[in-house]
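Structure below is coords37.txt: compact mmCIF, C-alpha atoms and all ligand atoms.
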# COMPACT_ATOMS: atom_id res chain seq x y z
CA MET N 110 -13.62 -16.92 -23.79
CA ASP N 111 -15.02 -13.55 -24.62
CA THR N 112 -14.06 -11.85 -27.84
CA HIS N 113 -14.01 -8.22 -28.78
CA SER N 114 -14.45 -7.53 -32.41
CA CYS N 115 -15.53 -3.92 -32.41
CA ARG N 116 -13.65 -2.02 -35.09
CA LYS N 117 -13.72 1.69 -35.61
CA HIS N 118 -12.83 3.32 -38.87
CA ARG N 119 -12.73 7.06 -39.13
CA LYS N 120 -13.64 8.45 -42.50
CA ALA N 121 -11.36 11.06 -44.04
CA GLU N 122 -12.87 14.50 -43.52
CA ASN N 123 -12.26 17.68 -45.45
CA ASN N 124 -10.21 20.08 -43.48
CA PRO N 125 -11.80 23.51 -42.95
CA ASP N 126 -8.96 25.39 -44.69
CA ASN N 127 -9.70 23.54 -47.92
CA ALA N 128 -6.13 22.30 -47.86
CA GLY N 129 -7.31 18.88 -48.98
CA PRO N 130 -8.56 15.90 -47.07
CA VAL N 131 -7.20 15.18 -43.64
CA PRO N 132 -5.27 11.88 -43.88
CA GLU N 133 -7.41 9.00 -42.79
CA GLN N 134 -6.55 7.92 -39.29
CA GLN N 135 -5.40 4.33 -39.04
CA PRO N 136 -7.82 2.28 -36.95
CA TRP N 137 -5.08 0.86 -34.73
CA LYS N 138 -4.27 4.28 -33.30
CA ASN N 139 -7.64 4.67 -31.62
CA GLY N 140 -7.28 4.89 -27.88
CA ILE N 141 -3.50 4.42 -27.85
CA SER N 142 -1.31 7.15 -26.40
CA VAL N 143 2.38 7.36 -25.60
CA GLN N 144 2.74 7.36 -21.85
CA LYS N 145 6.46 7.45 -21.55
CA ASP N 146 9.31 7.34 -23.98
CA LEU N 147 11.63 5.65 -21.48
CA THR N 148 14.64 5.29 -23.70
CA GLU N 149 14.97 5.29 -27.45
CA GLU N 150 13.76 1.70 -27.59
CA THR N 151 11.82 0.94 -24.41
CA VAL N 152 8.46 2.63 -24.63
CA ARG N 153 5.23 2.63 -22.66
CA PHE N 154 1.71 3.31 -23.89
CA PHE N 155 -1.68 3.79 -22.29
CA LEU N 156 -4.53 1.72 -23.79
CA ALA N 157 -7.81 3.45 -23.04
CA ASP N 158 -10.17 0.54 -23.74
CA GLU N 159 -10.29 -2.99 -25.07
CA ASN N 160 -10.32 -1.76 -28.66
CA ALA N 161 -7.03 -0.01 -27.99
CA THR N 162 -5.52 -3.25 -26.70
CA GLU N 163 -6.67 -5.13 -29.79
CA ASN N 164 -5.52 -2.29 -32.04
CA PHE N 165 -2.12 -2.32 -30.38
CA GLY N 166 -1.92 -6.03 -31.19
CA LYS N 167 -2.83 -5.23 -34.81
CA LEU N 168 0.01 -2.74 -34.95
CA LEU N 169 2.47 -5.32 -33.58
CA GLY N 170 1.12 -7.88 -36.05
CA SER N 171 1.49 -5.50 -38.98
CA LEU N 172 5.19 -5.14 -38.11
CA ALA N 173 5.84 -8.87 -37.61
CA ALA N 174 8.00 -10.98 -39.90
CA ASP N 175 8.73 -14.71 -40.07
CA GLY N 176 10.69 -15.81 -37.02
CA ASP N 177 9.64 -12.98 -34.73
CA VAL N 178 8.92 -13.80 -31.10
CA TYR N 179 6.68 -11.68 -28.87
CA CYS N 180 6.61 -12.61 -25.19
CA LEU N 181 3.45 -11.34 -23.46
CA SER N 182 3.48 -10.85 -19.70
CA GLY N 183 0.96 -9.49 -17.23
CA ASP N 184 -1.56 -10.62 -14.63
CA LEU N 185 -4.62 -12.70 -15.50
CA GLY N 186 -7.00 -10.44 -17.38
CA ALA N 187 -4.30 -7.93 -18.34
CA GLY N 188 -5.05 -8.39 -22.05
CA LYS N 189 -2.47 -10.86 -23.37
CA THR N 190 -5.01 -12.93 -25.28
CA LEU N 191 -6.86 -9.89 -26.59
CA LEU N 192 -3.62 -8.38 -27.84
CA SER N 193 -2.81 -11.75 -29.46
CA LYS N 194 -6.14 -11.63 -31.30
CA GLY N 195 -5.06 -8.27 -32.74
CA VAL N 196 -1.74 -9.72 -33.91
CA CYS N 197 -3.62 -12.63 -35.50
CA GLN N 198 -6.03 -10.36 -37.32
CA ALA N 199 -3.17 -8.31 -38.74
CA VAL N 200 -1.60 -11.40 -40.32
CA GLY N 201 -4.88 -12.61 -41.77
CA VAL N 202 -6.11 -15.19 -39.27
CA GLU N 203 -9.91 -15.48 -39.15
CA GLU N 204 -10.92 -13.78 -35.93
CA GLU N 205 -13.25 -16.54 -34.76
CA ASP N 206 -10.41 -19.09 -34.97
CA VAL N 207 -8.41 -17.39 -32.23
CA VAL N 208 -9.00 -18.81 -28.76
CA SER N 209 -6.98 -18.70 -25.57
CA PRO N 210 -4.37 -21.48 -25.39
CA THR N 211 -4.64 -21.62 -21.57
CA PHE N 212 -5.76 -25.25 -21.72
CA SER N 213 -4.45 -26.36 -25.11
CA LEU N 214 -1.03 -24.79 -24.24
CA MET N 215 -0.38 -24.06 -27.92
CA ASN N 216 -2.58 -23.08 -30.86
CA ILE N 217 -1.39 -22.72 -34.42
CA TYR N 218 -3.28 -20.49 -36.82
CA ALA N 219 -2.66 -20.34 -40.55
CA GLY N 220 -2.86 -16.65 -41.37
CA LYS N 221 -2.99 -15.35 -44.95
CA VAL N 222 0.24 -13.40 -44.38
CA MET N 223 1.97 -15.83 -42.00
CA GLU N 224 1.42 -18.52 -39.44
CA VAL N 225 0.87 -17.67 -35.78
CA ARG N 226 2.14 -19.94 -33.00
CA HIS N 227 0.30 -18.94 -29.86
CA PHE N 228 1.43 -20.34 -26.50
CA ASP N 229 0.23 -19.96 -22.93
CA LEU N 230 2.77 -21.26 -20.41
CA TYR N 231 0.71 -20.50 -17.28
CA ARG N 232 -0.18 -24.11 -16.55
CA LEU N 233 3.25 -25.58 -17.26
CA ASP N 234 5.54 -26.64 -14.42
CA SER N 235 8.83 -27.56 -16.02
CA PRO N 236 10.90 -27.10 -19.18
CA ASP N 237 10.37 -30.82 -19.91
CA GLU N 238 6.75 -30.01 -20.61
CA LEU N 239 7.86 -27.28 -22.99
CA ALA N 240 9.74 -29.88 -24.99
CA ASP N 241 6.62 -32.08 -24.98
CA ILE N 242 4.52 -29.42 -26.67
CA GLY N 243 7.20 -28.72 -29.28
CA PHE N 244 8.04 -25.30 -27.87
CA TYR N 245 11.69 -25.39 -28.91
CA GLU N 246 10.90 -26.42 -32.48
CA TYR N 247 8.07 -23.99 -32.99
CA VAL N 248 9.35 -20.79 -31.36
CA GLY N 249 11.30 -18.65 -33.75
CA GLY N 250 10.52 -20.88 -36.72
CA GLU N 251 8.23 -19.84 -39.54
CA GLY N 252 5.57 -17.32 -38.67
CA VAL N 253 5.30 -15.19 -35.57
CA SER N 254 5.36 -16.75 -32.08
CA LEU N 255 3.25 -15.27 -29.29
CA ILE N 256 4.09 -16.55 -25.82
CA GLU N 257 1.68 -15.67 -23.02
CA TRP N 258 3.39 -15.99 -19.61
CA GLY N 259 6.77 -16.46 -21.30
CA ASP N 260 8.38 -14.76 -18.29
CA LEU N 261 7.66 -17.91 -16.24
CA PHE N 262 10.29 -19.67 -18.39
CA SER N 263 12.56 -16.78 -19.30
CA SER N 264 15.65 -19.02 -19.37
CA GLU N 265 13.98 -21.11 -22.11
CA LEU N 266 13.26 -18.20 -24.44
CA PRO N 267 15.42 -17.42 -27.46
CA PRO N 268 18.15 -14.81 -26.88
CA GLU N 269 16.26 -12.11 -28.79
CA TYR N 270 12.57 -11.30 -28.55
CA LEU N 271 10.15 -8.47 -27.82
CA GLN N 272 9.03 -8.43 -24.21
CA VAL N 273 5.50 -6.98 -24.01
CA ASN N 274 4.40 -6.18 -20.45
CA LEU N 275 0.72 -5.45 -19.87
CA SER N 276 -0.54 -4.05 -16.59
CA ILE N 277 -3.97 -3.25 -15.26
CA VAL N 278 -4.42 0.39 -14.25
CA PRO N 279 -7.64 2.02 -12.98
CA LYS N 280 -8.85 3.35 -16.36
CA GLY N 281 -7.43 0.84 -18.81
CA ARG N 282 -4.15 -0.93 -19.45
CA VAL N 283 -0.51 0.10 -19.75
CA VAL N 284 1.71 -1.72 -22.21
CA GLU N 285 5.48 -1.53 -22.11
CA LEU N 286 7.74 -2.78 -24.88
CA ILE N 287 11.19 -3.99 -23.89
CA PRO N 288 13.13 -5.08 -26.98
CA LEU N 289 15.89 -7.65 -26.66
CA GLY N 290 18.04 -7.40 -29.76
CA PRO N 291 18.26 -5.01 -32.73
CA ARG N 292 15.32 -6.53 -34.63
CA TYR N 293 13.01 -5.79 -31.71
CA GLU N 294 14.53 -2.36 -31.05
CA ALA N 295 13.52 -1.53 -34.62
CA ILE N 296 9.97 -2.82 -34.04
CA SER N 297 9.70 -0.84 -30.81
CA ARG N 298 10.80 2.35 -32.56
CA GLU N 299 8.30 1.70 -35.38
CA VAL N 300 5.47 1.26 -32.88
CA LEU N 301 6.39 4.59 -31.27
CA ARG N 302 6.57 6.25 -34.68
CA HIS N 303 3.14 4.92 -35.70
CA VAL N 304 1.48 5.93 -32.45
CA ASN N 305 3.08 9.40 -32.54
CA ALA N 306 1.99 9.86 -36.15
CA GLY N 307 -1.60 9.22 -35.09
CA ALA N 308 -1.53 11.51 -32.05
N1 LIG N 401 -7.31 -1.26 -22.43
C1 LIG N 401 -8.26 -1.91 -21.74
N2 LIG N 401 -9.09 -1.25 -20.91
C2 LIG N 401 -10.03 -1.91 -20.20
N3 LIG N 401 -10.25 -3.25 -20.27
C3 LIG N 401 -9.46 -3.96 -21.09
C4 LIG N 401 -8.44 -3.33 -21.85
N4 LIG N 401 -7.80 -4.28 -22.57
C5 LIG N 401 -8.38 -5.45 -22.26
N5 LIG N 401 -9.38 -5.27 -21.39
C6 LIG N 401 -10.19 -6.32 -20.76
O1 LIG N 401 -9.33 -7.14 -20.02
C7 LIG N 401 -9.61 -8.51 -20.25
C8 LIG N 401 -8.39 -9.13 -20.91
O2 LIG N 401 -8.59 -10.51 -21.02
P1 LIG N 401 -7.50 -11.44 -21.69
O3 LIG N 401 -7.01 -10.85 -22.95
O4 LIG N 401 -8.09 -12.81 -21.72
O5 LIG N 401 -6.33 -11.37 -20.58
P2 LIG N 401 -5.10 -12.34 -20.32
O6 LIG N 401 -4.89 -13.16 -21.56
O7 LIG N 401 -3.96 -11.39 -20.06
O8 LIG N 401 -5.43 -13.15 -19.10
C9 LIG N 401 -10.84 -8.56 -21.13
O9 LIG N 401 -11.97 -8.72 -20.30
C10 LIG N 401 -10.85 -7.19 -21.80
O10 LIG N 401 -12.14 -6.74 -22.07
MG MG N 402 -4.69 -15.26 -21.86
Take the structure in the file and give it back as structure tokens.
Amino acid sequence: MDTHSCRKHRKAENNPDNAGPVPEQQPWKNGISVQKDLTEETVRFFLADENATENFGKLLGSLAADGDVYCLSGDLGAGKTLLSKGVCQAVGVEEEDVVSPTFSLMNIYAGKVMEVRHFDLYRLDSPDELADIGFYEYVGGEGVSLIEWGDLFSSELPPEYLQVNLSIVPKGRVVELIPLGPRYEAISREVLRHVNAGA
């Protein structure tokens, strides 16, 4: 499993009008642009490179609270695991601990801020297997739950969650946020606000 740990930090620069320092740009905004503000809550962003995908995950992680559920969908290689690494970093999980749960089905990471429960449902065939891995106990409990390929078992997901759709486009990735429930509508609006503030 390849990892991408490149981080960019822009230093605050003095603005030429001597009006004081330009506010430091948050690292997560690098490479992220609003592609379409579809409705007030459903939004779509372009991610220019792999750093942008990881940074987008960091932004989602910085907004997460105990009990939140993010369902990550998209083709193989779309960036679900990389985005998950960003979420993990934002809640204080050591970067090298985060690996794809494609074979383990579920990984649990103890982050400094909160726990992360990271699933990959790609290899599962039936809801019985979900019960076997403790899916129903773990999802929505303490910490934040990340569910790669959650759309394969959409009837088994909790009633409210943030649907995160990643797609591969010629020059990068597109990510769409579809919030189900007021908690996730608020997160979606916050993401839009943060990205706009960095534009
Ligand atoms: N915005 C982007 N632009 C170009 N390549 C990207 C971007 N985001 C991720 N990638 C690449 O796509 C791949 C994503 O892999 P991974 O996160 O394992 O996908 P998934 O978990 O969806 O199968 C990695 O090789 C990564 O370098
Ligand atoms: Mg993956």
- Contacts with ligand LIG 401 (chain N) at most 9 Å, only C-alpha atoms and all ligand atoms counted, listed as a ChimeraX atom specification: /N:110-113,140-141,155-163,181-194,209,211,229,257-258,275-283
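Counting all atoms listed in the file, the residue from N:Ser213, N:Ser264, N:Ser235, N:Gln198 that sits nearest to ligand MG 402 (chain N) is N:Ser213.
Note that atom CA of N:Glu299 and atom CA of N:Glu150 are 9.5 Å apart.
The nearest approach to ligand MG 402 (chain N) among the residues N:Val300, N:Ala174, N:Leu168, N:Ile256, with all atoms listed in the file taken into account, belongs to N:Ile256.
Of the residues under consideration (N:Glu238, N:Gly249, N:Pro210, N:Ala295), N:Pro210 shows the shortest atom-to-atom contact distance to ligand MG 402 (chain N) when counting all atoms listed in the file.
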Fill-in result for stretch 188-220 of chain N, N, CA and C atoms as an mmCIF file, keeping the file's coordinate frame:
data_model
loop_
_atom_site.group_PDB
_atom_site.id
_atom_site.type_symbol
_atom_site.label_atom_id
_atom_site.label_comp_id
_atom_site.auth_asym_id
_atom_site.auth_seq_id
_atom_site.Cartn_x
_atom_site.Cartn_y
_atom_site.Cartn_z
ATOM 1 N N GLY N 188 -4.792 -8.645 -20.630
ATOM 2 C CA GLY N 188 -5.050 -8.390 -22.050
ATOM 3 C C GLY N 188 -4.126 -9.130 -23.008
ATOM 4 N N LYS N 189 -3.422 -10.134 -22.518
ATOM 5 C CA LYS N 189 -2.470 -10.860 -23.370
ATOM 6 C C LYS N 189 -3.183 -11.564 -24.528
ATOM 7 N N THR N 190 -4.293 -12.220 -24.220
ATOM 8 C CA THR N 190 -5.010 -12.930 -25.280
ATOM 9 C C THR N 190 -5.675 -11.952 -26.244
ATOM 10 N N LEU N 191 -6.225 -10.876 -25.706
ATOM 11 C CA LEU N 191 -6.860 -9.890 -26.590
ATOM 12 C C LEU N 191 -5.836 -9.261 -27.526
ATOM 13 N N LEU N 192 -4.680 -8.928 -26.997
ATOM 14 C CA LEU N 192 -3.620 -8.380 -27.840
ATOM 15 C C LEU N 192 -3.202 -9.414 -28.898
ATOM 16 N N SER N 193 -3.161 -10.672 -28.500
ATOM 17 C CA SER N 193 -2.810 -11.750 -29.460
ATOM 18 C C SER N 193 -3.827 -11.815 -30.588
ATOM 19 N N LYS N 194 -5.098 -11.623 -30.250
ATOM 20 C CA LYS N 194 -6.140 -11.630 -31.300
ATOM 21 C C LYS N 194 -5.859 -10.529 -32.319
ATOM 22 N N GLY N 195 -5.399 -9.377 -31.829
ATOM 23 C CA GLY N 195 -5.060 -8.270 -32.740
ATOM 24 C C GLY N 195 -3.913 -8.646 -33.657
ATOM 25 N N VAL N 196 -2.874 -9.271 -33.086
ATOM 26 C CA VAL N 196 -1.740 -9.720 -33.910
ATOM 27 C C VAL N 196 -2.255 -10.676 -34.990
ATOM 28 N N CYS N 197 -3.092 -11.619 -34.570
ATOM 29 C CA CYS N 197 -3.620 -12.630 -35.500
ATOM 30 C C CYS N 197 -4.404 -11.975 -36.633
ATOM 31 N N GLN N 198 -5.249 -11.024 -36.277
ATOM 32 C CA GLN N 198 -6.030 -10.360 -37.320
ATOM 33 C C GLN N 198 -5.137 -9.672 -38.333
ATOM 34 N N ALA N 199 -4.066 -9.044 -37.842
ATOM 35 C CA ALA N 199 -3.170 -8.310 -38.740
ATOM 36 C C ALA N 199 -2.467 -9.221 -39.727
ATOM 37 N N VAL N 200 -2.273 -10.484 -39.374
ATOM 38 C CA VAL N 200 -1.600 -11.400 -40.320
ATOM 39 C C VAL N 200 -2.601 -12.322 -41.018
ATOM 40 N N GLY N 201 -3.881 -11.946 -40.936
ATOM 41 C CA GLY N 201 -4.880 -12.610 -41.770
ATOM 42 C C GLY N 201 -5.445 -13.900 -41.211
ATOM 43 N N VAL N 202 -5.440 -14.036 -39.889
ATOM 44 C CA VAL N 202 -6.110 -15.190 -39.270
ATOM 45 C C VAL N 202 -7.574 -14.816 -39.069
ATOM 46 N N GLU N 203 -8.481 -15.738 -39.382
ATOM 47 C CA GLU N 203 -9.910 -15.480 -39.150
ATOM 48 C C GLU N 203 -10.121 -15.247 -37.651
ATOM 49 N N GLU N 204 -10.787 -14.183 -37.328
ATOM 50 C CA GLU N 204 -10.920 -13.780 -35.930
ATOM 51 C C GLU N 204 -11.531 -14.860 -35.046
ATOM 52 N N GLU N 205 -12.548 -15.561 -35.602
ATOM 53 C CA GLU N 205 -13.250 -16.540 -34.760
ATOM 54 C C GLU N 205 -12.393 -17.781 -34.470
ATOM 55 N N ASP N 206 -11.293 -17.937 -35.220
ATOM 56 C CA ASP N 206 -10.410 -19.090 -34.970
ATOM 57 C C ASP N 206 -9.541 -18.907 -33.726
ATOM 58 N N VAL N 207 -9.371 -17.667 -33.294
ATOM 59 C CA VAL N 207 -8.410 -17.390 -32.230
ATOM 60 C C VAL N 207 -9.046 -17.586 -30.862
ATOM 61 N N VAL N 208 -8.502 -18.543 -30.118
ATOM 62 C CA VAL N 208 -9.000 -18.810 -28.760
ATOM 63 C C VAL N 208 -7.801 -18.875 -27.821
ATOM 64 N N SER N 209 -8.073 -18.691 -26.538
ATOM 65 C CA SER N 209 -6.980 -18.700 -25.570
ATOM 66 C C SER N 209 -6.350 -20.092 -25.490
ATOM 67 N N PRO N 210 -5.021 -20.166 -25.526
ATOM 68 C CA PRO N 210 -4.370 -21.480 -25.390
ATOM 69 C C PRO N 210 -4.122 -21.871 -23.926
ATOM 70 N N THR N 211 -4.881 -21.315 -22.993
ATOM 71 C CA THR N 211 -4.640 -21.620 -21.570
ATOM 72 C C THR N 211 -4.700 -23.119 -21.320
ATOM 73 N N PHE N 212 -5.630 -23.817 -21.950
ATOM 74 C CA PHE N 212 -5.760 -25.250 -21.720
ATOM 75 C C PHE N 212 -5.067 -26.081 -22.798
ATOM 76 N N SER N 213 -5.097 -25.612 -24.030
ATOM 77 C CA SER N 213 -4.450 -26.360 -25.110
ATOM 78 C C SER N 213 -2.924 -26.178 -25.076
ATOM 79 N N LEU N 214 -2.449 -25.153 -24.373
ATOM 80 C CA LEU N 214 -1.030 -24.790 -24.240
ATOM 81 C C LEU N 214 -0.446 -24.168 -25.505
ATOM 82 N N MET N 215 -0.846 -24.667 -26.682
ATOM 83 C CA MET N 215 -0.380 -24.060 -27.920
ATOM 84 C C MET N 215 -1.455 -24.163 -28.983
ATOM 85 N N ASN N 216 -1.704 -23.068 -29.682
ATOM 86 C CA ASN N 216 -2.580 -23.080 -30.860
ATOM 87 C C ASN N 216 -1.780 -22.585 -32.044
ATOM 88 N N ILE N 217 -2.041 -23.188 -33.191
ATOM 89 C CA ILE N 217 -1.390 -22.720 -34.420
ATOM 90 C C ILE N 217 -2.472 -22.250 -35.375
ATOM 91 N N TYR N 218 -2.302 -21.055 -35.881
ATOM 92 C CA TYR N 218 -3.280 -20.490 -36.820
ATOM 93 C C TYR N 218 -2.573 -20.223 -38.143
ATOM 94 N N ALA N 219 -3.208 -20.617 -39.224
ATOM 95 C CA ALA N 219 -2.660 -20.340 -40.550
ATOM 96 C C ALA N 219 -3.204 -19.012 -41.027
ATOM 97 N N GLY N 220 -2.422 -17.965 -40.895
ATOM 98 C CA GLY N 220 -2.860 -16.650 -41.370
ATOM 99 C C GLY N 220 -2.550 -16.500 -42.851
#
